[in-house]
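Below is query-v3.tsv, which holds TSV, C-alpha atoms and all ligand atoms.
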```tsv
chain	number	residue	atom	x	y	z
A	1	MET	CA	31.55	19.05	-23.92
A	2	LYS	CA	30.07	21.60	-26.34
A	3	LEU	CA	26.34	22.37	-26.29
A	4	ASP	CA	26.00	21.23	-29.93
A	5	THR	CA	27.44	17.80	-29.09
A	6	PHE	CA	25.26	17.57	-26.00
A	7	ASN	CA	22.15	18.42	-28.05
A	8	ILE	CA	22.99	15.70	-30.58
A	9	ILE	CA	23.26	13.18	-27.73
A	10	CYS	CA	19.82	14.28	-26.48
A	11	ILE	CA	18.30	13.89	-29.96
A	12	VAL	CA	19.81	10.42	-30.42
A	13	TRP	CA	18.59	9.45	-26.94
A	14	SER	CA	15.08	10.68	-27.80
A	15	ILE	CA	15.11	8.51	-30.93
A	16	VAL	CA	16.07	5.52	-28.75
A	17	GLY	CA	13.07	6.42	-26.55
A	18	ILE	CA	10.74	6.46	-29.56
A	19	SER	CA	12.16	3.07	-30.65
A	20	SER	CA	11.42	1.67	-27.20
A	21	PHE	CA	7.83	2.93	-27.59
A	22	VAL	CA	7.56	0.89	-30.80
A	23	LEU	CA	9.05	-2.16	-29.05
A	24	LEU	CA	6.59	-1.82	-26.14
A	25	GLN	CA	3.71	-2.20	-28.61
A	26	PHE	CA	4.75	-5.84	-28.92
A	27	VAL	CA	6.24	-6.63	-25.49
A	28	ARG	CA	4.32	-5.84	-22.29
A	29	ALA	CA	6.85	-4.79	-19.59
A	30	PRO	CA	6.49	-7.75	-17.17
A	31	TYR	CA	6.01	-6.19	-13.74
A	32	GLY	CA	3.03	-5.56	-11.50
A	33	ARG	CA	-0.10	-7.20	-12.98
A	34	HIS	CA	1.78	-8.08	-16.19
A	35	ILE	CA	4.50	-10.15	-14.52
A	36	LYS	CA	5.27	-13.50	-16.14
A	37	LYS	CA	7.88	-16.20	-15.91
A	38	GLY	CA	10.76	-16.46	-18.35
A	39	TRP	CA	12.35	-13.08	-17.68
A	40	GLY	CA	15.23	-14.44	-15.59
A	41	PRO	CA	16.00	-13.90	-11.92
A	42	GLU	CA	13.57	-11.87	-9.84
A	43	ILE	CA	13.94	-9.68	-6.75
A	44	PRO	CA	11.36	-8.42	-4.21
A	45	ASN	CA	9.09	-5.88	-5.89
A	46	ASN	CA	9.53	-2.98	-3.45
A	47	LEU	CA	13.31	-3.36	-3.42
A	48	GLY	CA	13.20	-3.29	-7.22
A	49	TRP	CA	11.42	0.09	-7.09
A	50	VAL	CA	14.09	1.52	-4.77
A	51	PHE	CA	16.94	0.37	-7.06
A	52	MET	CA	15.15	1.55	-10.24
A	53	GLU	CA	14.46	5.06	-9.00
A	54	LEU	CA	17.53	5.72	-6.83
A	55	PRO	CA	19.78	6.91	-9.72
A	56	SER	CA	17.25	9.61	-10.67
A	57	PHE	CA	17.36	10.99	-7.15
A	58	LEU	CA	21.09	10.67	-6.47
A	59	ILE	CA	22.32	12.01	-9.82
A	60	ILE	CA	20.23	15.20	-9.67
A	61	LEU	CA	21.19	15.63	-6.02
A	62	TYR	CA	24.86	15.32	-7.00
A	63	PHE	CA	24.63	17.95	-9.76
A	64	THR	CA	22.64	20.27	-7.49
A	65	LEU	CA	25.27	20.03	-4.77
A	66	ILE	CA	28.40	20.39	-6.91
A	67	SER	CA	27.32	23.37	-9.01
A	68	SER	CA	26.08	26.86	-8.31
A	69	GLN	CA	22.84	26.93	-10.28
A	70	SER	CA	20.62	29.93	-10.98
A	71	ASN	CA	17.48	30.10	-8.85
A	72	TYR	CA	15.41	28.87	-11.80
A	73	ALA	CA	17.62	25.82	-12.39
A	74	TYR	CA	17.65	25.20	-8.67
A	75	MET	CA	13.84	25.27	-8.61
A	76	LEU	CA	13.75	22.69	-11.43
A	77	SER	CA	16.20	20.46	-9.53
A	78	ILE	CA	14.13	20.70	-6.35
A	79	LEU	CA	10.91	19.75	-8.18
A	80	TRP	CA	12.70	16.73	-9.67
A	81	LEU	CA	14.06	15.74	-6.25
A	82	ILE	CA	10.66	16.01	-4.56
A	83	HIS	CA	9.15	13.62	-7.11
A	84	TYR	CA	12.01	11.14	-6.89
A	85	PHE	CA	12.28	11.31	-3.10
A	86	ASN	CA	8.72	10.01	-2.98
A	87	ARG	CA	9.23	7.47	-5.76
A	88	THR	CA	12.46	6.08	-4.25
A	89	PHE	CA	12.02	6.26	-0.50
A	90	ILE	CA	8.25	6.43	0.19
A	91	PHE	CA	6.25	4.78	-2.62
A	92	PRO	CA	8.10	1.39	-2.47
A	93	PHE	CA	7.37	1.04	1.24
A	94	ARG	CA	3.69	1.97	0.93
A	95	ILE	CA	2.69	-0.37	-1.91
A	96	ARG	CA	0.96	-3.55	-0.76
A	97	THR	CA	2.84	-6.05	-2.91
A	98	LYS	CA	4.02	-8.43	-0.19
A	99	LYS	CA	5.87	-11.46	-1.59
A	100	LYS	CA	5.51	-10.10	-5.17
A	101	LYS	CA	8.62	-10.02	-7.35
A	102	ILE	CA	9.98	-8.01	-10.25
A	103	PRO	CA	12.41	-9.35	-12.90
A	104	LEU	CA	15.98	-8.14	-12.43
A	105	ALA	CA	16.05	-7.43	-16.19
A	106	ILE	CA	13.31	-4.80	-15.75
A	107	VAL	CA	15.13	-3.28	-12.79
A	108	LEU	CA	18.42	-3.07	-14.72
A	109	SER	CA	16.82	-1.57	-17.81
A	110	ALA	CA	15.03	1.05	-15.66
A	111	ILE	CA	18.31	1.85	-13.86
A	112	PHE	CA	19.90	2.42	-17.26
A	113	PHE	CA	17.13	4.66	-18.59
A	114	ASN	CA	16.90	6.63	-15.33
A	115	THR	CA	20.69	7.06	-15.16
A	116	VAL	CA	20.91	8.47	-18.67
A	117	ASN	CA	17.88	10.76	-18.25
A	118	ALA	CA	18.97	12.12	-14.88
A	119	SER	CA	22.56	12.61	-16.09
A	120	LEU	CA	21.47	14.56	-19.17
A	121	ASN	CA	19.11	16.76	-17.14
A	122	GLY	CA	21.55	17.25	-14.25
A	123	TYR	CA	24.44	18.05	-16.59
A	124	TYR	CA	22.38	20.63	-18.46
A	125	LEU	CA	21.19	22.28	-15.25
A	126	SER	CA	24.77	22.48	-13.97
A	127	VAL	CA	26.75	23.33	-17.09
A	128	PHE	CA	24.62	24.83	-19.86
A	129	GLU	CA	21.71	26.53	-18.14
A	130	GLN	CA	21.35	30.25	-18.76
A	131	TYR	CA	18.20	31.00	-16.82
A	132	ASN	CA	17.93	34.28	-14.93
A	133	SER	CA	15.45	35.99	-12.65
A	134	GLU	CA	13.33	36.94	-15.70
A	135	SER	CA	12.81	33.26	-16.47
A	136	PHE	CA	10.17	33.30	-13.71
A	137	LEU	CA	8.19	35.86	-15.73
A	138	TYR	CA	7.85	33.95	-19.01
A	139	TRP	CA	4.67	32.16	-20.09
A	140	ASN	CA	6.40	28.79	-20.10
A	141	PHE	CA	7.14	29.02	-16.39
A	142	TYR	CA	3.48	29.68	-15.54
A	143	LEU	CA	2.07	27.01	-17.85
A	144	GLY	CA	4.76	24.50	-16.84
A	145	ILE	CA	4.39	24.93	-13.10
A	146	ILE	CA	0.59	24.63	-13.31
A	147	LEU	CA	0.91	21.37	-15.30
A	148	PHE	CA	3.65	20.05	-13.03
A	149	VAL	CA	1.71	20.67	-9.80
A	150	ALA	CA	-1.59	19.43	-11.26
A	151	GLY	CA	0.11	16.30	-12.63
A	152	PHE	CA	1.93	15.67	-9.37
A	153	LEU	CA	-1.31	15.88	-7.38
A	154	ILE	CA	-3.23	13.65	-9.82
A	155	ASN	CA	-0.40	11.09	-9.72
A	156	GLN	CA	-0.18	11.14	-5.92
A	157	ILE	CA	-3.93	10.95	-5.30
A	158	SER	CA	-4.34	8.13	-7.83
A	159	ASP	CA	-1.39	6.05	-6.59
A	160	ASN	CA	-2.55	6.58	-3.02
A	161	TYR	CA	-6.09	5.46	-3.89
A	162	LEU	CA	-4.81	2.35	-5.71
A	163	ILE	CA	-2.52	1.41	-2.83
A	164	ASN	CA	-5.42	1.66	-0.39
A	165	LEU	CA	-7.71	-0.54	-2.48
A	166	ARG	CA	-5.89	-3.42	-0.77
A	167	LYS	CA	-6.12	-4.11	2.92
A	168	PRO	CA	-2.74	-4.93	4.52
A	169	GLY	CA	-1.72	-8.43	3.39
A	170	GLU	CA	-4.02	-8.48	0.31
A	171	THR	CA	-2.41	-8.73	-3.14
A	172	GLY	CA	-5.39	-9.05	-5.53
A	173	TYR	CA	-7.06	-6.44	-7.74
A	174	LYS	CA	-10.35	-4.53	-7.45
A	175	ILE	CA	-12.11	-2.17	-9.85
A	176	PRO	CA	-11.13	1.39	-8.88
A	177	LYS	CA	-14.20	3.61	-8.87
A	178	LYS	CA	-13.39	7.00	-7.42
A	179	PHE	CA	-11.69	10.23	-8.52
A	180	LEU	CA	-10.57	10.24	-12.19
A	181	PHE	CA	-10.92	6.44	-12.25
A	182	LYS	CA	-14.58	7.14	-13.07
A	183	TYR	CA	-13.39	8.18	-16.54
A	184	ILE	CA	-10.06	6.45	-17.16
A	185	SER	CA	-8.19	3.33	-16.04
A	186	CYS	CA	-4.83	5.00	-15.36
A	187	PRO	CA	-5.03	8.50	-13.88
A	188	ASN	CA	-1.70	7.87	-12.12
A	189	HIS	CA	-0.04	7.54	-15.53
A	190	LEU	CA	-1.91	10.58	-16.87
A	191	GLY	CA	-0.73	12.58	-13.84
A	192	GLU	CA	2.87	11.52	-14.33
A	193	LEU	CA	2.78	12.42	-18.03
A	194	THR	CA	1.23	15.83	-17.28
A	195	GLN	CA	3.84	16.45	-14.62
A	196	TRP	CA	6.83	15.79	-16.89
A	197	ALA	CA	5.21	17.71	-19.77
A	198	GLY	CA	5.04	20.64	-17.33
A	199	PHE	CA	8.66	20.12	-16.38
A	200	ALA	CA	9.76	20.10	-20.03
A	201	ILE	CA	7.77	23.29	-20.72
A	202	MET	CA	9.34	25.02	-17.72
A	203	ALA	CA	12.86	23.80	-18.49
A	204	TRP	CA	12.50	24.40	-22.26
A	205	ASN	CA	15.56	22.34	-23.12
A	206	LEU	CA	16.32	19.13	-24.99
A	207	PRO	CA	17.13	16.82	-22.03
A	208	ALA	CA	13.80	17.64	-20.37
A	209	LEU	CA	11.99	17.06	-23.67
A	210	SER	CA	13.85	13.81	-24.09
A	211	PHE	CA	12.82	12.70	-20.60
A	212	PHE	CA	9.19	13.48	-21.42
A	213	ILE	CA	9.49	11.39	-24.59
A	214	TRP	CA	10.88	8.48	-22.55
A	215	THR	CA	8.11	8.83	-19.96
A	216	ALA	CA	5.46	8.75	-22.69
A	217	ALA	CA	7.23	5.81	-24.38
A	218	ASN	CA	6.87	3.85	-21.12
A	219	LEU	CA	3.50	5.00	-19.88
A	220	LEU	CA	1.34	5.07	-23.04
A	221	PRO	CA	1.83	1.33	-23.70
A	222	ARG	CA	1.54	0.59	-19.96
A	223	ALA	CA	-1.78	2.43	-19.70
A	224	ALA	CA	-3.06	0.59	-22.79
A	225	GLY	CA	-1.93	-2.71	-21.23
A	226	HIS	CA	-3.62	-1.97	-17.88
A	227	HIS	CA	-6.88	-0.99	-19.59
A	228	LYS	CA	-6.92	-4.16	-21.67
A	229	TRP	CA	-6.09	-6.20	-18.57
A	230	TYR	CA	-9.01	-4.70	-16.59
A	231	LYS	CA	-11.45	-5.43	-19.42
A	232	LYS	CA	-10.21	-9.02	-19.69
A	233	HIS	CA	-10.30	-9.75	-15.94
A	234	PHE	CA	-13.51	-7.95	-14.88
A	235	SER	CA	-16.67	-8.75	-16.88
A	236	ASN	CA	-18.38	-5.82	-15.10
A	237	TYR	CA	-15.65	-3.29	-15.95
A	238	PRO	CA	-17.30	0.07	-16.80
A	239	GLU	CA	-17.74	0.06	-20.58
A	240	LYS	CA	-17.38	3.79	-21.12
A	241	ARG	CA	-14.13	4.08	-19.19
A	242	LYS	CA	-11.11	4.89	-21.39
A	243	ALA	CA	-7.43	4.04	-20.84
A	244	LEU	CA	-5.78	7.43	-20.32
A	245	ILE	CA	-7.72	10.32	-21.87
A	246	PRO	CA	-11.35	10.80	-20.80
A	247	LYS	CA	-13.84	10.11	-23.64
A	248	LEU	CA	-11.03	9.70	-26.20
A	249	TRP	CA	-8.54	6.89	-25.58
B	301	LIG	P1	-0.07	0.58	-11.19
B	301	LIG	O1	-1.24	1.43	-11.39
B	301	LIG	O2	0.03	-0.68	-11.96
B	301	LIG	O3	0.09	0.17	-9.65
B	301	LIG	C1	0.28	1.06	-8.60
B	301	LIG	C2	0.16	0.26	-7.29
B	301	LIG	O4	-1.22	-0.01	-6.99
B	301	LIG	C3	0.81	-1.12	-7.32
B	301	LIG	O5	1.27	-1.43	-6.04
B	301	LIG	C4	-0.31	-2.04	-7.76
B	301	LIG	O6	-0.10	-3.38	-7.33
B	301	LIG	C5	-1.49	-1.41	-7.06
B	301	LIG	N1	-2.73	-1.54	-7.85
B	301	LIG	C6	-2.90	-1.07	-9.12
B	301	LIG	N2	-4.15	-1.30	-9.53
B	301	LIG	C7	-4.78	-1.94	-8.53
B	301	LIG	C8	-6.11	-2.46	-8.38
B	301	LIG	N3	-7.01	-2.34	-9.36
B	301	LIG	N4	-6.45	-3.09	-7.22
B	301	LIG	C9	-5.52	-3.18	-6.22
B	301	LIG	N5	-4.26	-2.71	-6.31
B	301	LIG	C10	-3.89	-2.09	-7.45
B	301	LIG	O7	1.19	1.50	-11.43
B	301	LIG	P2	2.59	1.21	-12.17
B	301	LIG	O8	3.26	0.07	-11.50
B	301	LIG	O9	2.38	1.18	-13.62
B	301	LIG	O10	3.35	2.58	-11.81
B	301	LIG	C11	3.55	2.97	-10.46
B	301	LIG	C12	3.94	4.45	-10.48
B	301	LIG	O11	5.18	4.64	-11.18
B	301	LIG	C13	2.91	5.33	-11.18
B	301	LIG	O12	2.80	6.55	-10.49
B	301	LIG	C14	3.50	5.56	-12.56
B	301	LIG	O13	3.08	6.80	-13.09
B	301	LIG	C15	5.02	5.55	-12.26
B	301	LIG	N6	5.76	5.06	-13.41
B	301	LIG	C16	6.56	5.95	-14.10
B	301	LIG	C17	7.26	5.55	-15.21
B	301	LIG	C18	8.10	6.52	-15.98
B	301	LIG	O14	8.60	6.18	-17.04
B	301	LIG	N7	8.31	7.74	-15.50
B	301	LIG	C19	7.19	4.15	-15.70
B	301	LIG	C20	6.31	3.30	-14.91
B	301	LIG	C21	5.63	3.76	-13.81
B	301	LIG	P3	0.71	-4.47	-8.25
B	301	LIG	O15	2.11	-3.96	-8.32
B	301	LIG	O16	0.55	-5.72	-7.48
B	301	LIG	O17	0.05	-4.48	-9.59
```

File written out as structure tokens:
Amino acid sequence: MKLDTFNIICIVWSIVGISSFVLLQFVRAPYGRHIKKGWGPEIPNNLGWVFMELPSFLIILYFTLISSQSNYAYMLSILWLIHYFNRTFIFPFRIRTKKKKIPLAIVLSAIFFNTVNASLNGYYLSVFEQYNSESFLYWNFYLGIILFVAGFLINQISDNYLINLRKPGETGYKIPKKFLFKYISCPNHLGELTQWAGFAIMAWNLPALSFFIWTAANLLPRAAGHHKWYKKHFSNYPEKRKALIPKLW
């Protein structure tokens, strides 16, 4: 495939991502606290997470193993794999969602979006990349790696804190009060967005930008939905707390 054709595919895929953002303004993705009946067959929640995230891990692993990437592309692949190793093999077995389900339709749509995003990124990093040792000296590497690491830590700390709000066996919800939760309802989503913004800045290519667009398309409406849900279900929810961006939104 030529790079021009590949870039057109990435642009079209980004437009699909933006369309899904528009759709998610009207339909709340029905998993976790937003689950509701009428979305067809369901499977155990933690198994759903494994299936949803597995393509992202396996596809990048495949491209990393079959090609001889530059050190810079290799570093990008490793960062991706670290994130998705946690999301696929650790996170699903730590969450306390015993007996909770997730609609198969959500799992299948996430498998699709993860497969396309990982394939585009893996293909680029195997076939088109032209990074060299100087790539580690450019501003976008420094800015990107700082954002990626900061976002990763914020995401991990926040998810970890949320998971531990429940004692083993509990499945209800409590008001989170520590860390960035003092200012916003969804620091885990903010961390994830920051992380993939950092990745896109480091990678500086269309598939990474497209993946960031898809992440934002999923997480901005989800953060808005969580924030609204908290305010509806807890009369004592802190009034000044915002959804995703301290003091702003
Ligand atoms: P949530 O914040 O809804 O939930 C995270 C975990 O904590 C769940 O097990 C949830 O239980 C539990 N939990 C959440 N809030 C509370 C609370 N107040 N009291 C007790 N337990 C709580 O995260 P998401 O499901 O939206 O996302 C999980 C991870 O996946 C995040 O890191 C997110 O960034 C990432 N993600 C990435 C996407 C992408 O496009 N890249 C898309 C979606 C998520 P329960 O499931 O029962 O609600």

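Straight-line separation from atom CA of A:Arg94 to atom O4 of ligand LIG 301 (chain B): 9.5 Å.
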
Could you give me, as a PDB file with C-alpha atoms, in the coordinates of the input, the residues that have an atom at most 12 Å away from the point (-7.0, 10.3, -17.9) in the coordinates of the file, using all atoms listed in the file?
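The file below, result-v4.pdb, is the result:
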```pdb
ATOM      1  CA  GLY A 151       0.110  16.300 -12.630  1.00  0.00           C
ATOM      2  CA  ILE A 154      -3.230  13.650  -9.820  1.00  0.00           C
ATOM      3  CA  ASN A 155      -0.400  11.090  -9.720  1.00  0.00           C
ATOM      4  CA  SER A 158      -4.340   8.130  -7.830  1.00  0.00           C
ATOM      5  CA  PHE A 179     -11.690  10.230  -8.520  1.00  0.00           C
ATOM      6  CA  LEU A 180     -10.570  10.240 -12.190  1.00  0.00           C
ATOM      7  CA  PHE A 181     -10.920   6.440 -12.250  1.00  0.00           C
ATOM      8  CA  LYS A 182     -14.580   7.140 -13.070  1.00  0.00           C
ATOM      9  CA  TYR A 183     -13.390   8.180 -16.540  1.00  0.00           C
ATOM     10  CA  ILE A 184     -10.060   6.450 -17.160  1.00  0.00           C
ATOM     11  CA  SER A 185      -8.190   3.330 -16.040  1.00  0.00           C
ATOM     12  CA  CYS A 186      -4.830   5.000 -15.360  1.00  0.00           C
ATOM     13  CA  PRO A 187      -5.030   8.500 -13.880  1.00  0.00           C
ATOM     14  CA  ASN A 188      -1.700   7.870 -12.120  1.00  0.00           C
ATOM     15  CA  HIS A 189      -0.040   7.540 -15.530  1.00  0.00           C
ATOM     16  CA  LEU A 190      -1.910  10.580 -16.870  1.00  0.00           C
ATOM     17  CA  GLY A 191      -0.730  12.580 -13.840  1.00  0.00           C
ATOM     18  CA  GLU A 192       2.870  11.520 -14.330  1.00  0.00           C
ATOM     19  CA  LEU A 193       2.780  12.420 -18.030  1.00  0.00           C
ATOM     20  CA  THR A 194       1.230  15.830 -17.280  1.00  0.00           C
ATOM     21  CA  LEU A 219       3.500   5.000 -19.880  1.00  0.00           C
ATOM     22  CA  LEU A 220       1.340   5.070 -23.040  1.00  0.00           C
ATOM     23  CA  ALA A 223      -1.780   2.430 -19.700  1.00  0.00           C
ATOM     24  CA  ALA A 224      -3.060   0.590 -22.790  1.00  0.00           C
ATOM     25  CA  HIS A 227      -6.880  -0.990 -19.590  1.00  0.00           C
ATOM     26  CA  ARG A 241     -14.130   4.080 -19.190  1.00  0.00           C
ATOM     27  CA  LYS A 242     -11.110   4.890 -21.390  1.00  0.00           C
ATOM     28  CA  ALA A 243      -7.430   4.040 -20.840  1.00  0.00           C
ATOM     29  CA  LEU A 244      -5.780   7.430 -20.320  1.00  0.00           C
ATOM     30  CA  ILE A 245      -7.720  10.320 -21.870  1.00  0.00           C
ATOM     31  CA  PRO A 246     -11.350  10.800 -20.800  1.00  0.00           C
ATOM     32  CA  LYS A 247     -13.840  10.110 -23.640  1.00  0.00           C
ATOM     33  CA  LEU A 248     -11.030   9.700 -26.200  1.00  0.00           C
ATOM     34  CA  TRP A 249      -8.540   6.890 -25.580  1.00  0.00           C
TER      35      TRP A 249
END
```

| task | Would you mind listing the residues within 8 Å of ligand LIG 301 (chain B), counting only C-alpha atoms and all ligand atoms, as an MDAnalysis selection string? | result | chainID A and resid 31:34 45 87 95:97 100 155:156 158:166 171:176 186 188:193 214:219 222:223 226 230

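The space between atom CA of A:Val116 and atom CA of A:Pro207 spans 9.8 Å.
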
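Taking atom CA of A:Phe128 and atom CA of A:Ile145 as endpoints, the distance between them is 21.3 Å.
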
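Between A:Leu79 and the candidates A:Ile11, A:Ala203, A:Leu54, A:Leu23, the tightest atom-to-atom separation, counting all atoms listed in the file, involves A:Ala203.
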
| field | Counting all atoms listed in the file, the residue of A:Leu147, A:Ile59, A:Ile157, A:Leu76 that sits nearest A:Asn114 | value | A:Ile59

| request: Mind checking which residues fall within 8 Å of A:Gly48, counting all atoms listed in the file, ignoring those fewer than 5 positions away in the same chain, and posting them as a VMD selection string? | output: chain A and resid 43 102 104 107

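Proximity ranking of A:Ala118, A:Phe26, A:Pro103, A:Ile35 relative to A:Phe57 places A:Ala118 first, based on only C-alpha atoms.
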
Select all residues near (16.5, 12.8, -22.5) (cut-off 8 Å, inclusive, file coordinates), counting all atoms listed in the file, and output them as a PDB file with C-alpha atoms, in the frame of the given file.
```
ATOM      1  CA  CYS A  10      19.820  14.280 -26.480  1.00  0.00           C
ATOM      2  CA  ILE A  11      18.300  13.890 -29.960  1.00  0.00           C
ATOM      3  CA  TRP A  13      18.590   9.450 -26.940  1.00  0.00           C
ATOM      4  CA  SER A  14      15.080  10.680 -27.800  1.00  0.00           C
ATOM      5  CA  VAL A 116      20.910   8.470 -18.670  1.00  0.00           C
ATOM      6  CA  ASN A 117      17.880  10.760 -18.250  1.00  0.00           C
ATOM      7  CA  LEU A 120      21.470  14.560 -19.170  1.00  0.00           C
ATOM      8  CA  ASN A 121      19.110  16.760 -17.140  1.00  0.00           C
ATOM      9  CA  LEU A 206      16.320  19.130 -24.990  1.00  0.00           C
ATOM     10  CA  PRO A 207      17.130  16.820 -22.030  1.00  0.00           C
ATOM     11  CA  ALA A 208      13.800  17.640 -20.370  1.00  0.00           C
ATOM     12  CA  LEU A 209      11.990  17.060 -23.670  1.00  0.00           C
ATOM     13  CA  SER A 210      13.850  13.810 -24.090  1.00  0.00           C
ATOM     14  CA  PHE A 211      12.820  12.700 -20.600  1.00  0.00           C
ATOM     15  CA  PHE A 212       9.190  13.480 -21.420  1.00  0.00           C
ATOM     16  CA  ILE A 213       9.490  11.390 -24.590  1.00  0.00           C
ATOM     17  CA  TRP A 214      10.880   8.480 -22.550  1.00  0.00           C
TER      18      TRP A 214
END
```

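Each of A:Asn7, A:Ser109, A:Ser119, A:Asn71 was checked against A:Pro55 using all atoms listed in the file; the smallest atom-to-atom distance is that of A:Ser119.
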
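Closest approach to A:Ile82 from the set A:Tyr62, A:Val149, A:Ser70, A:Phe141 is made by A:Val149, with distances taken over all atoms listed in the file.
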
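Restricting the calculation to all atoms listed in the file, the smallest distance between A:Pro92 and any of A:Asn46, A:Ser20, A:Thr115, A:Ser126 is found for A:Asn46.
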
Supply stretch 114-120 of chain A as a PDB file, in the coordinates of the input, with all heavy atoms built in where the input has gaps.
```
ATOM      1  N   ASN A 114      16.928   5.534 -16.318  1.00  0.00           N
ATOM      2  CA  ASN A 114      16.900   6.630 -15.330  1.00  0.00           C
ATOM      3  C   ASN A 114      18.265   7.292 -15.188  1.00  0.00           C
ATOM      4  O   ASN A 114      18.356   8.507 -14.998  1.00  0.00           O
ATOM      5  CB  ASN A 114      16.437   6.096 -13.962  1.00  0.00           C
ATOM      6  CG  ASN A 114      14.922   5.948 -13.911  1.00  0.00           C
ATOM      7  OD1 ASN A 114      14.204   6.651 -14.602  1.00  0.00           O
ATOM      8  ND2 ASN A 114      14.441   5.025 -13.093  1.00  0.00           N
ATOM      9  N   THR A 115      19.338   6.493 -15.280  1.00  0.00           N
ATOM     10  CA  THR A 115      20.690   7.060 -15.160  1.00  0.00           C
ATOM     11  C   THR A 115      20.971   8.030 -16.310  1.00  0.00           C
ATOM     12  O   THR A 115      21.461   9.138 -16.105  1.00  0.00           O
ATOM     13  CB  THR A 115      21.745   5.927 -15.140  1.00  0.00           C
ATOM     14  OG1 THR A 115      21.486   5.111 -14.001  1.00  0.00           O
ATOM     15  CG2 THR A 115      23.155   6.463 -15.050  1.00  0.00           C
ATOM     16  N   VAL A 116      20.635   7.600 -17.521  1.00  0.00           N
ATOM     17  CA  VAL A 116      20.910   8.470 -18.670  1.00  0.00           C
ATOM     18  C   VAL A 116      20.051   9.740 -18.584  1.00  0.00           C
ATOM     19  O   VAL A 116      20.567  10.868 -18.722  1.00  0.00           O
ATOM     20  CB  VAL A 116      20.664   7.736 -20.008  1.00  0.00           C
ATOM     21  CG1 VAL A 116      20.897   8.680 -21.181  1.00  0.00           C
ATOM     22  CG2 VAL A 116      21.560   6.515 -20.118  1.00  0.00           C
ATOM     23  N   ASN A 117      18.751   9.580 -18.301  1.00  0.00           N
ATOM     24  CA  ASN A 117      17.880  10.760 -18.250  1.00  0.00           C
ATOM     25  C   ASN A 117      18.288  11.741 -17.159  1.00  0.00           C
ATOM     26  O   ASN A 117      18.331  12.953 -17.382  1.00  0.00           O
ATOM     27  CB  ASN A 117      16.415  10.338 -18.061  1.00  0.00           C
ATOM     28  CG  ASN A 117      15.791   9.910 -19.377  1.00  0.00           C
ATOM     29  OD1 ASN A 117      15.860  10.642 -20.364  1.00  0.00           O
ATOM     30  ND2 ASN A 117      15.235   8.728 -19.407  1.00  0.00           N
ATOM     31  N   ALA A 118      18.590  11.223 -15.978  1.00  0.00           N
ATOM     32  CA  ALA A 118      18.970  12.120 -14.880  1.00  0.00           C
ATOM     33  C   ALA A 118      20.319  12.777 -15.178  1.00  0.00           C
ATOM     34  O   ALA A 118      20.511  13.964 -14.895  1.00  0.00           O
ATOM     35  CB  ALA A 118      19.020  11.356 -13.559  1.00  0.00           C
ATOM     36  N   SER A 119      21.253  12.033 -15.778  1.00  0.00           N
ATOM     37  CA  SER A 119      22.560  12.610 -16.090  1.00  0.00           C
ATOM     38  C   SER A 119      22.429  13.739 -17.102  1.00  0.00           C
ATOM     39  O   SER A 119      23.040  14.803 -16.943  1.00  0.00           O
ATOM     40  CB  SER A 119      23.515  11.543 -16.638  1.00  0.00           C
ATOM     41  OG  SER A 119      23.648  10.509 -15.705  1.00  0.00           O
ATOM     42  N   LEU A 120      21.632  13.517 -18.151  1.00  0.00           N
ATOM     43  CA  LEU A 120      21.470  14.560 -19.170  1.00  0.00           C
ATOM     44  C   LEU A 120      20.832  15.816 -18.550  1.00  0.00           C
ATOM     45  O   LEU A 120      21.285  16.939 -18.773  1.00  0.00           O
ATOM     46  CB  LEU A 120      20.608  14.059 -20.333  1.00  0.00           C
ATOM     47  CG  LEU A 120      21.242  12.965 -21.212  1.00  0.00           C
ATOM     48  CD1 LEU A 120      20.253  12.469 -22.253  1.00  0.00           C
ATOM     49  CD2 LEU A 120      22.499  13.494 -21.908  1.00  0.00           C
TER      50      LEU A 120
END
```
